[in-house]
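Single-structure report; data block below.
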Amino acid sequence: MGRTEAQVRWRAAAVALLAAGVVVGPVAPAVAEDTIRQQQWHLEAMHAPEMWKTSKGQGITVAVIDGGFKLDHPDLEGQFLPGKDFSGSPGGVGSFGDGHGTAMASLIAGTGKGMGGTGAQGLAPGVKILPLKINNGSVGALVSSDFLRQIGQAINYAVEQGAKVINISQGMEAGTTVPEDVAKLNSIIAAARAKGVLIVSSVGNEAQKGNPVEYPGALPGVVGVAALDHDASVTSESEQGPQVALAAPGLDMIAACTSPTGYCKSHGTSDAAALVSASAALVWSVHKDWSANQVLRVLINTAGKPHDGSVRNDLGGYGSVRPRVALTDPGDPGPADVSPIPVAPVPTASPSASATSPAPASSSSPGDGPSEVAVGVPTSQPKAEASSGSGSVLPVVGGVVAGLLVVAGVVFAVLRRRKDAVPPMNSVILPPPPSEQPSVPPEDNPYVR
């Protein structure tokens with residue numbers, strides 16, 4: 001995609017503001033060069049058009065647990081199955097406090113039918129989305145026990161409805177949770193895994209703010225996902241630790257949302273988790289007889305290995321997910337009943353050994369909330385990651401996510417994760433249809449090697 005020098009300078013300034021915790025509002029780009037679809041760099045980097053000749057995820061249901069969904073967005077019409085609202089808030093599953101849930105659904109299964117066919121496409125446009133709404137702090141006060149309980153209820157419902165993959169781009173700091181609530185959710189996750197369901201979650205966006213452990217991303221049986229930049233390097237905000245299993249693009253992400261323009265730009269582990277969920281659906285659609293363990297094992301075995309040459313590290317796990325390779329050269333899927341990820345004890349609230357020291361001036365979470373983008377050239381918008389990076393549950397649209405509050409012994413988490421996961425949305429200005437398509441990134445990019 002074309003980029004003018006002015007745009008590069010603007011983006012650098014926007015990144016600096018986001019790093020300082022400043023939410024960037026709607027901004028008109030200097031030059032509107034690309035359509036929404038053309039701005040989705042990760043689709044070209046992952047060779048999505050090539051993959052779609054083999055699989056678009058048909059026949060697979062992905063449950064998305066988030067804070068609400070715009071069911072009539074042009075890019076998502078026909079993609080939603082009847083969902084359910086566990087939040088207790090008015091409006092039902094089709095109401096929303098921010099665009100995070102809509103963005104996650106778009107990254108997974110967007111059709112691109114909006115904007116005259118140049119809208120946002122998902123990595124697995126053949127997938128059906130089961131929308132499950134929880135209170136992640138986007139509307140009203142949030143009680144940590146309610147958050148974990150609602151996630152557990154949503155997981156049980158998704159399993160009952162036959163979802164193969166459950167995406168939870170949400171998260172809450174372990175230090176704000178009650179052990180009994182965590183134990184109950186952990187047992188629900190274990191039961192879902194035993195029934196053959198793959199659960200994917202963001203790990204959080206606060207690596208530079210103490211690198212706190214977040215749930216459910218750090219619970220056993222959950223595939224924790226880190227965020228990558230254009231060069232397949234782990235972003236500075238992406239949290240680190242043994243909970244990281246895979247990594248996926250999570251920077252400058254363009255997706256459908258609930259902004260006035262209908263599109264937002266964001267960053268964070270929330271987005272990355274959505275892409276791993278979509279990747280699993282692409283593979284499962286072709287190998288329907290495989291178990292969740294086999295699908296995950298193939299994604300791990302075909303992942304682009306960490307830059308340090310290791311088999312796995314705490315930054316990007318086993319590497320960058322590469323569904324194209326998983327589809328063309330999957331290799332041996334291994335035993336159906338053995339998890340490819342070692343089952344470790346539930347992590348505590350203490351930061352991992354690889355965590356960087358807290359840096360108050362920078363936050364890995366601002367990039368998680370979706371920022372509204374003018375159709376055409378999106379401005380820097382944080383992406384909503386309900387898990388605090390990989391899913392912080394509190395979307396920050398036009399503001400900064402509230403901090404965690406402890407009231408009368410009950411932990412109220414204004415899920416900073418959502419703040420991390422859902423960067424503020426910036427409006428995108430729609431440009432006239434381009435006369436020709438931008439060139440496809442070179443074959444030797446880090447996502448396909």
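In the structure tokens, each chain is lettered A, B, ... as it comes, each chain's residues begin at 1, and ligands are numbered from 1 in order of appearance.
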
When you look at Ala158 in chain A with a cut-off of 10 Å (counting only C-alpha atoms), what residues show up, excluding the ones that are within fewer than 2 positions of it in the same chain? I need them as a VMD selection string. chain A and resid 61 to 65 83 to 84 130 to 132 152 to 156 160 to 166 192 197

Using only C-alpha atoms, find each residue in range 192-289 of chain A having at least one atom no more than 7 Å away from range 107-120 of chain A; report its shortest atom-to-atom pair and that distance in Å (one decimal), rows by chain then rising number, as JSON lines.
```
{"residue": "A:Ala255", "atom": "CA", "partner": "A:Ala120", "partner_atom": "CA", "distance": 5.5}
{"residue": "A:Ala256", "atom": "CA", "partner": "A:Ala120", "partner_atom": "CA", "distance": 6.0}
{"residue": "A:Ala274", "atom": "CA", "partner": "A:Ile108", "partner_atom": "CA", "distance": 5.9}
{"residue": "A:Leu275", "atom": "CA", "partner": "A:Ile108", "partner_atom": "CA", "distance": 6.2}
{"residue": "A:Ala278", "atom": "CA", "partner": "A:Ile108", "partner_atom": "CA", "distance": 5.1}
```

Residues of the last selection are to be written out with C-alpha atoms, as a compact mmCIF listing (two decimals), in the first residue's frame.
```
# COMPACT_ATOMS: atom_id res chain seq x y z
CA ALA A 255 -11.42 -3.81 10.84
CA ALA A 256 -15.13 -3.11 10.88
CA ALA A 274 -8.73 -13.17 16.60
CA LEU A 275 -6.31 -14.06 13.78
CA ALA A 278 -9.42 -17.63 12.31
```

Atomic separation - CA of Gly204 in chain A relative to CA of Tyr263 in chain A, Å: 22.8 Å

Quick one: DSSP strand (DSSP E or B) residues in range 96-154 of chain A, as a CSV table (one decimal) with C-alpha atoms, in the first residue's frame?
```csv
chain,number,residue,atom,x,y,z
A,111,THR,CA,-16.8,-10.4,4.1
A,121,GLN,CA,-12.3,-8.8,5.2
A,128,LYS,CA,-19.9,-18.3,11.2
A,129,ILE,CA,-19.7,-16.2,14.3
A,130,LEU,CA,-21.5,-17.1,17.5
A,131,PRO,CA,-21.7,-13.7,19.3
A,132,LEU,CA,-21.7,-14.0,23.1
A,133,LYS,CA,-22.0,-10.8,25.1
```

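The protein and nucleic acid residues lying at most 10 Å from Ile341 in chain A are A:Pro220, A:Gly221, A:Val222, A:Val223, A:Gln243, A:Ala245, A:Asn293, A:Leu296, A:Arg297, A:Ile300, A:Tyr318, with only C-alpha atoms considered and sequence neighbours fewer than 4 positions away removed.
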
Using DSSP assignments from the backbone, pull out every residue in range 59-236 of chain A that falls under helix (DSSP H, G or I) and give it to me as a PyMOL selection string. chain A and resi 100-109+114-117+144-160+174-176+179-194

Quick one: everything within 8 Å of Ala303 in chain A, counting only C-alpha atoms, minus sequence neighbours fewer than 5 positions away in the same chain. Send it as a count of residues only. 6

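The space separating CA of Leu148 in chain A from CA of Asn186 in chain A comes to 9.9 Å.
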
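Minimum distance to Val283 in chain A across A:Val234, A:Val127, A:Val200, A:Ala226 (counting only C-alpha atoms) occurs at A:Val127.
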
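Nearest-residue note for Ala248 in chain A: choosing from A:Gly317, A:Pro342, A:Pro49, A:Pro330, the minimum distance belongs to A:Gly317, counting only C-alpha atoms.
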
Quote the spacing between CA of Tyr157 in chain A and CA of Ala194 in chain A in Å to one decimal place. 15.0 Å

Using only C-alpha atoms: which of A:Asp308, A:Asp252, A:Glu180, A:Glu173 has the shortest distance to Gly210 in chain A: A:Glu173

I'd like the neighbourhood of Cys257 in chain A as an NGL selection string, where a residue qualifies if any of its atoms comes within 6 Å (using only C-alpha atoms), though same-chain residues fewer than 6 positions away should be ignored. :A and (99 or 102-103 or 263-264)

For those residues, write C-alpha atoms to a file as a JSON list (two decimals), in the first residue's frame.
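out.json was written with the following content:
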```
[["chain", "number", "residue", "atom", "x", "y", "z"],
["A", 99, "GLY", "CA", -16.59, -1.45, 18.75],
["A", 102, "THR", "CA", -17.49, -6.01, 16.19],
["A", 103, "ALA", "CA", -13.80, -5.59, 15.32],
["A", 263, "TYR", "CA", -14.04, 1.19, 10.32],
["A", 264, "CYS", "CA", -11.30, 1.45, 12.91]]
```

Exercise: Trp284 in chain A partners within 9 Å, only C-alpha atoms, chain neighbours under 5 positions left out, as a list in words: Gly57, Gly59, Ile60, Lys164, Ser279, Asp289, Trp290, Ser291, Ala292 and Val295 of chain A
